[in-house]
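Here's the structure, in structure tokens; my notes come after.
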Amino acid sequence: MSTLTTTGDDRDVQLASVLELVRWHPISDPVDHGSACCTTARQWLSALHAGAVPTTPLTGLGWIADMYPWGPTQWPISWCKLVEQDKLDCGAQAAVAREVLRATGSALLGVQLLIRASATDIAHWGSTWRDGGVAPTWLFEQLYYHEAVGLVDGSLVVFDPTRNWKVPPDGRMEDGSVAAIRITGGDAATVIWGRHELLVGEWVLLAG
Amino acid sequence: MAVLLSGLHSGPNPSPGVGTARSLRAAYPDLPLVGVDYSLGSSGLHWPEFDDVWVAPPWSDLDLEAFADDIAGRVADGSVWLSGLDLETIWLASNGVATGQVLIPSVAALRSVKKPAAAVADALGLGAPLSLPLSAPATDLAAFGRTRGWKVWLKGPFYEAQRVASWSHLLIVRDQMKAVWGSDDLHLQAHVAGHEESVTFAAYQGVLLGTCAMTKVAATGEGKTWAGTASEVDPDLLARVTQFVADTGWTGGAEIEMVRDPAGRLWLLEVNPRFPAWIHGATLAGRNLPAALVAAGLGWDLPEQRELAAANQFSRVVVEVPVRNGFRLPARPEPSAPTSGAGGGSKHPSGMTDLARLLERGLTPSEWARPQGTAVTETAAATVPVTADDHLVGAALMSFRTPATTETPQPVLLEEVALARLGRLAPQLAALGGPVSVRAAYSIKTNPDLRLLALARANGFLAEAISQLEAKSALDVGYAENEVVLNGPGKWWPSPATSGPVRAVFCDSMTELSALTKRLEGGEAVASVVGVRLRPPGIKSRFGVPVTPWASFLDLSEGLRQLPSEVEVGLHFHAAQSFIGVDRWWASFEAGLRCAVALEQASGRPIVCFDVGGGWYPEEWDSILIPRLEELTTRVAKALPNCRELIIEPGKALVQPVVAVFTTVLDVHDEGDSVDVVVDAAIAELPDAGSHPHRVFRRGDGASGWLPMGPGRDRVLGRSCMEHDVLSSSVSLPADVAVGEVWAVADAGAYDQSMAYRFARGGS
């Protein structure tokens with residue numbers, strides 16, 4: 001069960017209300033039919049990653065957004081349908097990253113983010129999603145929900161497959177700043193991300 | 001009293017003069033600043049914060065002794081000189097110009113950072129990318145590039161680094177850089193993938209005055225900083241920089257250029273003995289290092305150095321400024337005029353190419369120009385695969401008739417070398433054991449010599465054919481049909497040569513697979529194993545069946561599923577190691593293998609045969625693949641539990657060293673700084689001459705036998721009238737070379753043989 005804790009000023013009323021909305025939202029996880037269709041799809045994704053010449057766990061993942069540019073995904077989705085898509089949303093891209101990195105034996109974590117963005121950007125993305133026939137439930141007034149993957153290498157490294165970059169612990173993104181983060185999975189109760197100590201399974205607000 | 005700042009150009013590849021001036025002006029609004037450069041093409045001359053500018057004559061026109069006196073006179077009133085040009089710094093230091101008033105490092109300090117700077121990398125706790133001087137043997141240079149997939153740089157002694165993509169490209173870039181810089185002191189350096197970072201510092205007489213780290217965020221097309229993030233230097237690196245400054249007694253600015261690889265390790269690219277062009281970005285962040293250096297030089301109190309915030313970012317913008325009164329822009333050269341020298345169209349408006357030539361001619365202490373970094377060279381040399389069977393080739397040449405009676409040009413099969421190379425593989429494969437039988441297949445296209453084909457058969461090789469004519473050759477030397485593997489897009493051309501089933505057929509397209517399925521369904525016994533050549537993900541190729549996107553993968557799995565049940569299924573993977581490098585080859589192999597696993601799952605057809613194609617050079621085959629053959633076999637067995645047979649195709653890896661072409665010297669040209677020799681062989685007999693270096697052997701005196709010529713800049717030219725008929729441009733020819741001598745051009749046993757053609761021989 002996740003609980004709300006803060007490390008900075010909880011001054012954003014909208015953020016608090018959005019956190020209530022996403023409190024029970026799990027990380028995006030495609031369905032596996034338990035048969036050859038999904039097994040094959042996952043093996044195929046693993047082959048594609050091997051061909052990208054990964055030299056460390058978080059390198060060589062750029063192929064995900066190259067092959068499946070960011071766009072609307074209709075959930076729920078199975079692995080065998082996911083691989084058929086032209087575009088994938090951040091949750092599906094992160095799921096692919098977790099899937100192909102799983103083979104490396106790395107301790108992977110799910111990463112959920114609430115990111116502040118301009119109303120203009122959010123309106124534009126909402127339009128794109130609606131045009132794609134998918135409700136933009138991940139968008140809020142000046143916040144959006146985003147997924148990434150986490151790798152503990154001493155401290156937490158947050159990798160964003162959508163942009164093929166690491167999210168800096170100060171939360172500064174090109175199109176906004178991280179307002180809150182939740183880490184899921186793994187055995188540890190806490191992980192260190194920059195100057196933040198994050199309780200696994202709980203939304204943590206970032207100051208600023 | 002003033003501060004004189006040289007190196008003012010402010011373009012895509014800028015010098016630091018303008019940024020240094022801006023920083024000094026920020027700290028000392030009334031300090032007179034004089035900009036110095038060597039042509040009107042230096043755009044920073046027009047920067048308004050210079051109180052005055054001094055445009056000296058181009059370096060090629062300068063009377064250097066008079067210029068040194070001129071500088072001494074300019075700083076005699078207590079002024080100081082900050083050099084923003086590496087080569088100017090070297091010249092000033094090595095000639096002792098106005099020592100004390102010129103804030104630059106000593107010759108010894110400069111020598112410590114000469115490229116490749118392995119020792120300073122060690123001192124700073126940084127990795128040193130492997131490098132190899134261009135004076136190394138051509139075979140070593142080529143192997144250095146190939147093993148890294150030609151992700152290598154050719155670097156000059158002072159300036160410039162260019163990526164080279166192949167052996168032939170290396171030779172072109174080498175000649176270009178030699179033409180620009182007038183120096184042979186070049187080296188190959190391994191590329192390090194990662195993000196670029198820098199540390200700049202100011203120091204005075206061995207005391208560190210201040211530092212600033214910078215992560216490059218955006219760069220120009222030439223890789224120069226356009227935007228970045230300034231930050232504190234890592235404490236460990238700071239301690240090492242402090243020690244380095246003390247050890248060298250450093251005076252002046254400097255920039256340590258590095259790359260941080262994905263694992264987080266920092267690698268040294270180079271240390272520049274001057275401030276970087278982005279120095280004002282550090283000042284904006286709170287570290288005014290030029291002000292600190294000038295203050296130290298003038299005996300003033302040092303300016304305060306603020307603690308840097310976590311993220312101080314800066315960006316450049318393009319700004320138009322009026323041309324300074326009295327200074328016109330340089331006249332444009334006529335369209336046909338070269339633009340390599342100083343001037344408006346030049347890439348080096350401060351005349352560094354001219355100064356490089358002056359330095360090369362020995363205007364500085366002679367030890368400065370000598371190659372340095374022996375430790376690096378030895379380390380790099382140790383990573384270069386040993387040239388295949390060097391001693392065997394020389395010995396094998398001895399068994400031929402005396403050169404004087406040898407008809408030339410003539411390819412000769414070096415049977416001892418062939419016996420050794422083909423004969424040693426079979427026991428190596430047999431020793432592997434395990435559930436998967438490993439068989440080698442002889443690639444007929446690589447060298448169709450029936451003697452070699454027969455030798456391959458005698459040593460247990462299968463025969464790999466890409467046409468029915470090649471299949472017939474295999475049958476002619478005694479191969480059974482079930483020992484023949486058919487591959488390639490034209491394997492059925494021109495007409496059937498086999499009647500019974502061959503061992504395996506790997507289709508090159510879905511169309512071919514479909515057609516073959518129909519033949520099999522019609523009862524034709526074509527092959528025991530049928531499959532496709534995979535086009536692995538991440539590899540661009542015209543060959544094979546793509547496995548991406550998903551729809552293509554599904555088409556392929558369906559095609560395999562529809563093969564008649566009495567036929568077994570195999571898959572073929574091929575990626576040329578000589579093109580993509582060793583690491584990428586293994587990644588592609590793994591990707592191909594995982595595709596095979598997915599196809600087995602999707603099609604429901606067991607994969608009983610996995611065929612790994614060639615593309616390895618002899619050196620890498622011997623020293624890298626063979627030692628890892630057990631690992632490869634184990635991996636296949638684990639991934640594909642139904643696999644009974646792993647076929648490997650050494651191709652040129654086995655046969656390239658087994659043929660030499662005897663050739664006679666027709667003419668000798670003295671080209672001044674090198675020698676050209678014309679021989680009676682040509683690209684007709686050695687059509688693969690441009691793709692890899694061929695060792696050239698000459699018979700020595702008496703018992704010394706045939707010895708390969710050493711590395712150098714002399715050329716061996718073919719007899720034809722084609723400009724590109726250059727058989728070698730990397731040898732050192734003997735001083736007594738004479739018309740009529742017979743030489744042997746080795747390493748001609750692969751595509752040089754199968755692709756040789758009739759050219760410049762008159763009627764058909």
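Here, A, B, ... name the chains of the structure tokens in the order displayed, residue numbers run from 1 inside each chain, and ligands are numbered from 1 in the same displayed order.
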
With a distance threshold of 8 Å and counting only C-alpha atoms, extract the residues of chain B near chain A and express them as a PyMOL selection string.
chain B and resi 262-263+536-539+550-551+583-584+587-588+590-595+597-599+601-602

If we count only C-alpha atoms, what is near Pro105 of chain B at a cut-off of 9 Å, once residues fewer than 2 positions away on the same chain are taken out, given as a list in words?
Thr89, Ile90, Ala93, Leu103, Val107, Ala108, Ala109, Leu110, Tyr204, Gln205, Thr248, Gly249, Trp250, Thr251, Gly252, Gly253, Pro273 and Arg274 of chain B

Output of the above residues as a tab-separated table (two decimals), in the first residue's frame, restricted to all heavy atoms:
```
chain	number	residue	atom	x	y	z
B	89	THR	N	51.84	28.60	-28.29
B	89	THR	CA	52.33	28.32	-26.94
B	89	THR	C	53.62	27.51	-27.00
B	89	THR	O	54.60	27.80	-26.29
B	89	THR	CB	51.26	27.54	-26.15
B	89	THR	OG1	50.07	28.33	-26.11
B	89	THR	CG2	51.72	27.23	-24.75
B	90	ILE	N	53.62	26.51	-27.85
B	90	ILE	CA	54.81	25.65	-27.97
B	90	ILE	C	55.99	26.47	-28.48
B	90	ILE	O	57.11	26.38	-27.96
B	90	ILE	CB	54.52	24.48	-28.92
B	90	ILE	CG1	53.48	23.54	-28.28
B	90	ILE	CG2	55.79	23.73	-29.27
B	90	ILE	CD1	52.90	22.54	-29.24
B	93	ALA	N	57.19	28.89	-25.74
B	93	ALA	CA	57.87	28.19	-24.63
B	93	ALA	C	59.23	27.66	-25.07
B	93	ALA	O	60.23	27.82	-24.36
B	93	ALA	CB	57.00	27.05	-24.13
B	103	LEU	N	52.29	34.05	-19.93
B	103	LEU	CA	51.72	33.11	-18.94
B	103	LEU	C	51.37	31.79	-19.60
B	103	LEU	O	50.21	31.49	-19.90
B	103	LEU	CB	50.50	33.76	-18.28
B	103	LEU	CG	50.77	35.11	-17.61
B	103	LEU	CD1	49.51	35.70	-17.02
B	103	LEU	CD2	51.84	34.95	-16.52
B	107	VAL	N	58.37	24.15	-21.51
B	107	VAL	CA	58.51	23.10	-22.54
B	107	VAL	C	58.29	21.73	-21.92
B	107	VAL	O	57.60	20.87	-22.49
B	107	VAL	CB	59.90	23.18	-23.20
B	107	VAL	CG1	60.14	21.97	-24.08
B	107	VAL	CG2	60.02	24.45	-24.03
B	108	ALA	N	58.87	21.50	-20.75
B	108	ALA	CA	58.72	20.19	-20.11
B	108	ALA	C	57.26	19.91	-19.79
B	108	ALA	O	56.77	18.79	-19.99
B	108	ALA	CB	59.55	20.13	-18.84
B	109	ALA	N	56.56	20.92	-19.31
B	109	ALA	CA	55.14	20.73	-19.00
B	109	ALA	C	54.35	20.45	-20.26
B	109	ALA	O	53.46	19.59	-20.29
B	109	ALA	CB	54.60	21.96	-18.28
B	110	LEU	N	54.69	21.18	-21.32
B	110	LEU	CA	53.99	20.97	-22.60
B	110	LEU	C	54.26	19.57	-23.14
B	110	LEU	O	53.37	18.91	-23.67
B	110	LEU	CB	54.43	22.02	-23.62
B	110	LEU	CG	53.92	23.44	-23.37
B	110	LEU	CD1	54.64	24.43	-24.28
B	110	LEU	CD2	52.42	23.50	-23.61
B	204	TYR	N	49.52	29.05	-11.70
B	204	TYR	CA	50.66	29.96	-11.80
B	204	TYR	C	51.82	29.36	-11.02
B	204	TYR	O	51.72	29.13	-9.82
B	204	TYR	CB	50.29	31.33	-11.25
B	204	TYR	CG	51.37	32.37	-11.46
B	204	TYR	CD1	51.65	32.86	-12.74
B	204	TYR	CD2	52.11	32.85	-10.39
B	204	TYR	CE1	52.65	33.81	-12.95
B	204	TYR	CE2	53.12	33.80	-10.58
B	204	TYR	CZ	53.38	34.27	-11.86
B	204	TYR	OH	54.37	35.20	-12.06
B	205	GLN	N	52.87	29.09	-11.73
B	205	GLN	CA	54.11	28.54	-11.15
B	205	GLN	C	53.82	27.35	-10.23
B	205	GLN	O	54.32	27.26	-9.10
B	205	GLN	CB	54.86	29.66	-10.41
B	205	GLN	CG	55.34	30.73	-11.37
B	205	GLN	CD	56.13	31.84	-10.71
B	205	GLN	OE1	56.18	31.93	-9.48
B	205	GLN	NE2	56.74	32.69	-11.50
B	248	THR	N	54.34	19.67	-12.57
B	248	THR	CA	54.82	20.24	-13.83
B	248	THR	C	55.17	21.72	-13.69
B	248	THR	O	55.67	22.32	-14.64
B	248	THR	CB	53.75	20.10	-14.93
B	248	THR	OG1	52.53	20.73	-14.48
B	248	THR	CG2	53.49	18.65	-15.26
B	249	GLY	N	54.89	22.30	-12.54
B	249	GLY	CA	55.11	23.73	-12.38
B	249	GLY	C	54.28	24.56	-13.34
B	249	GLY	O	54.71	25.61	-13.81
B	250	TRP	N	53.11	24.09	-13.62
B	250	TRP	CA	52.28	24.67	-14.68
B	250	TRP	C	51.99	26.16	-14.44
B	250	TRP	O	51.64	26.57	-13.34
B	250	TRP	CB	50.95	23.90	-14.76
B	250	TRP	CG	50.19	24.14	-16.03
B	250	TRP	CD1	49.34	25.17	-16.30
B	250	TRP	CD2	50.19	23.31	-17.20
B	250	TRP	NE1	48.82	25.04	-17.56
B	250	TRP	CE2	49.33	23.91	-18.13
B	250	TRP	CE3	50.84	22.13	-17.54
B	250	TRP	CZ2	49.08	23.35	-19.40
B	250	TRP	CZ3	50.61	21.58	-18.81
B	250	TRP	CH2	49.74	22.19	-19.71
B	251	THR	N	52.12	26.90	-15.51
B	251	THR	CA	51.65	28.29	-15.54
B	251	THR	C	50.76	28.45	-16.76
B	251	THR	O	51.12	28.00	-17.85
B	251	THR	CB	52.83	29.27	-15.63
B	251	THR	OG1	53.54	29.28	-14.40
B	251	THR	CG2	52.33	30.70	-15.91
B	252	GLY	N	49.61	29.06	-16.55
B	252	GLY	CA	48.72	29.31	-17.68
B	252	GLY	C	47.38	28.64	-17.52
B	252	GLY	O	47.07	28.05	-16.48
B	253	GLY	N	46.59	28.73	-18.57
B	253	GLY	CA	45.30	28.05	-18.58
B	253	GLY	C	45.47	26.66	-19.17
B	253	GLY	O	46.52	26.33	-19.73
B	273	PRO	N	47.00	23.16	-23.75
B	273	PRO	CA	47.76	24.06	-22.86
B	273	PRO	C	47.27	25.51	-22.96
B	273	PRO	O	48.06	26.44	-23.15
B	273	PRO	CB	49.19	23.92	-23.38
B	273	PRO	CG	49.02	23.66	-24.84
B	273	PRO	CD	47.75	22.86	-24.99
B	274	ARG	N	46.01	25.72	-22.83
B	274	ARG	CA	45.40	27.05	-22.92
B	274	ARG	C	43.96	26.94	-22.43
B	274	ARG	O	43.44	25.85	-22.27
B	274	ARG	CB	45.39	27.54	-24.37
B	274	ARG	CG	44.79	26.46	-25.28
B	274	ARG	CD	44.31	26.93	-26.58
B	274	ARG	NE	43.93	25.79	-27.41
B	274	ARG	CZ	42.80	25.09	-27.29
B	274	ARG	NH1	41.92	25.43	-26.35
B	274	ARG	NH2	42.54	24.06	-28.05
```

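Proximity ranking of B:Ala750, B:Ile466, B:Ala291, B:Leu62 relative to Leu355 of chain B places B:Leu62 first, based on only C-alpha atoms.
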
Run DSSP on the backbone and grab whatever in segment 74-270 of chain B lands in helix (DSSP H, G or I); send it over as a ChimeraX atom specification.
/B:74,86-94,107-112,118-123,138-147,167-181,235-248

Could you pull out the strand (DSSP E or B) residues of segment 35-109 of chain B from DSSP and send them as a PyMOL selection string?
chain B and resi 35-37+52-55+80-82+99+102

Long-range neighbours of segment 574-578 of chain B as a count of residues only, 6 Å cut-off, only C-alpha atoms, 4 positions minimum in chain
7

Using only C-alpha atoms, find each residue in segment 38-154 of chain A having at least one atom no more than 6 Å away from segment 182-206 of chain A; report its shortest atom-to-atom pair and that distance in Å (one decimal), rows by chain then rising number, as JSON lines.
```
{"residue": "A:Leu109", "atom": "CA", "partner": "A:Gly185", "partner_atom": "CA", "distance": 5.2}
{"residue": "A:Gly110", "atom": "CA", "partner": "A:Thr184", "partner_atom": "CA", "distance": 4.8}
{"residue": "A:Val111", "atom": "CA", "partner": "A:Ile183", "partner_atom": "CA", "distance": 4.8}
{"residue": "A:Gln112", "atom": "CA", "partner": "A:Arg182", "partner_atom": "CA", "distance": 5.1}
```

Please produce an output containing all heavy atoms for each residue in the selection, written as a compact mmCIF listing (two decimals), in the first residue's frame.
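out35.txt, written as the output of this step:
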```txt
# COMPACT_ATOMS: atom_id res chain seq x y z
N LEU A 109 13.58 -1.79 -11.50
CA LEU A 109 12.47 -1.26 -10.74
C LEU A 109 11.52 -0.53 -11.68
O LEU A 109 11.94 0.01 -12.70
CB LEU A 109 12.97 -0.29 -9.67
CG LEU A 109 14.00 -0.86 -8.70
CD1 LEU A 109 14.59 0.24 -7.84
CD2 LEU A 109 13.37 -1.94 -7.82
N GLY A 110 10.26 -0.50 -11.31
CA GLY A 110 9.32 0.34 -12.02
C GLY A 110 9.43 1.76 -11.50
O GLY A 110 9.68 1.98 -10.31
N VAL A 111 9.29 2.71 -12.38
CA VAL A 111 9.37 4.11 -11.98
C VAL A 111 8.15 4.85 -12.52
O VAL A 111 7.87 4.81 -13.72
CB VAL A 111 10.66 4.78 -12.52
CG1 VAL A 111 10.67 6.27 -12.14
CG2 VAL A 111 11.89 4.10 -11.96
N GLN A 112 7.40 5.46 -11.61
CA GLN A 112 6.26 6.29 -11.99
C GLN A 112 6.58 7.73 -11.63
O GLN A 112 7.14 8.01 -10.56
CB GLN A 112 5.00 5.82 -11.26
CG GLN A 112 4.62 4.38 -11.61
CD GLN A 112 3.50 3.87 -10.71
OE1 GLN A 112 3.73 3.66 -9.52
NE2 GLN A 112 2.32 3.68 -11.27
```

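Atom CA of Val567 of chain B is positioned 9.7 Å from atom CA of Thr517 of chain B.
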
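For the atom pair formed by atom CA of Leu452 of chain B and atom CA of Glu416 of chain B, the distance is 11.7 Å, given to one decimal.
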
Excluding same-chain residues fewer than 3 positions from Pro693 of chain B, what lies within 7 Å of it counting only C-alpha atoms, as a list in words?
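These residues fall inside the cut-off: Ala138, Thr139, Ala689 and Ser728 of chain B.
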
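As for atom CA of Phe553 of chain B and atom CA of Phe579 of chain B, they are spaced 25.5 Å apart.
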
Hey, what's within 12 Å of Ala474 of chain B if we count only C-alpha atoms and toss same-chain stuff fewer than 5 positions away? As JSON, numbers by chain, please?
{"B": [441, 442, 443, 444, 445, 448, 449, 450, 451, 452, 453, 454, 455, 456, 457, 461, 462, 463, 464, 465, 466, 467, 468, 469, 479, 480, 481, 482, 483, 484, 485, 486, 497, 498, 502]}

At a cut-off of 8 Å, using only C-alpha atoms, what residues contact segment 121-137 of chain B? Leave out same-chain residues fewer than 2 positions from it and give the result as number ranges by chain.
B: 116-119, 139-141, 144, 184-192, 237, 240-241, 244, 265-269, 376-377, 379-381, 710-712, 730

Name all residues at most 12 Å from Asp736 of chain B (count only C-alpha atoms; drop same-chain ones fewer than 6 positions away) and give them as an NGL selection string.
:B and (668 or 675 or 677 or 698 or 700)
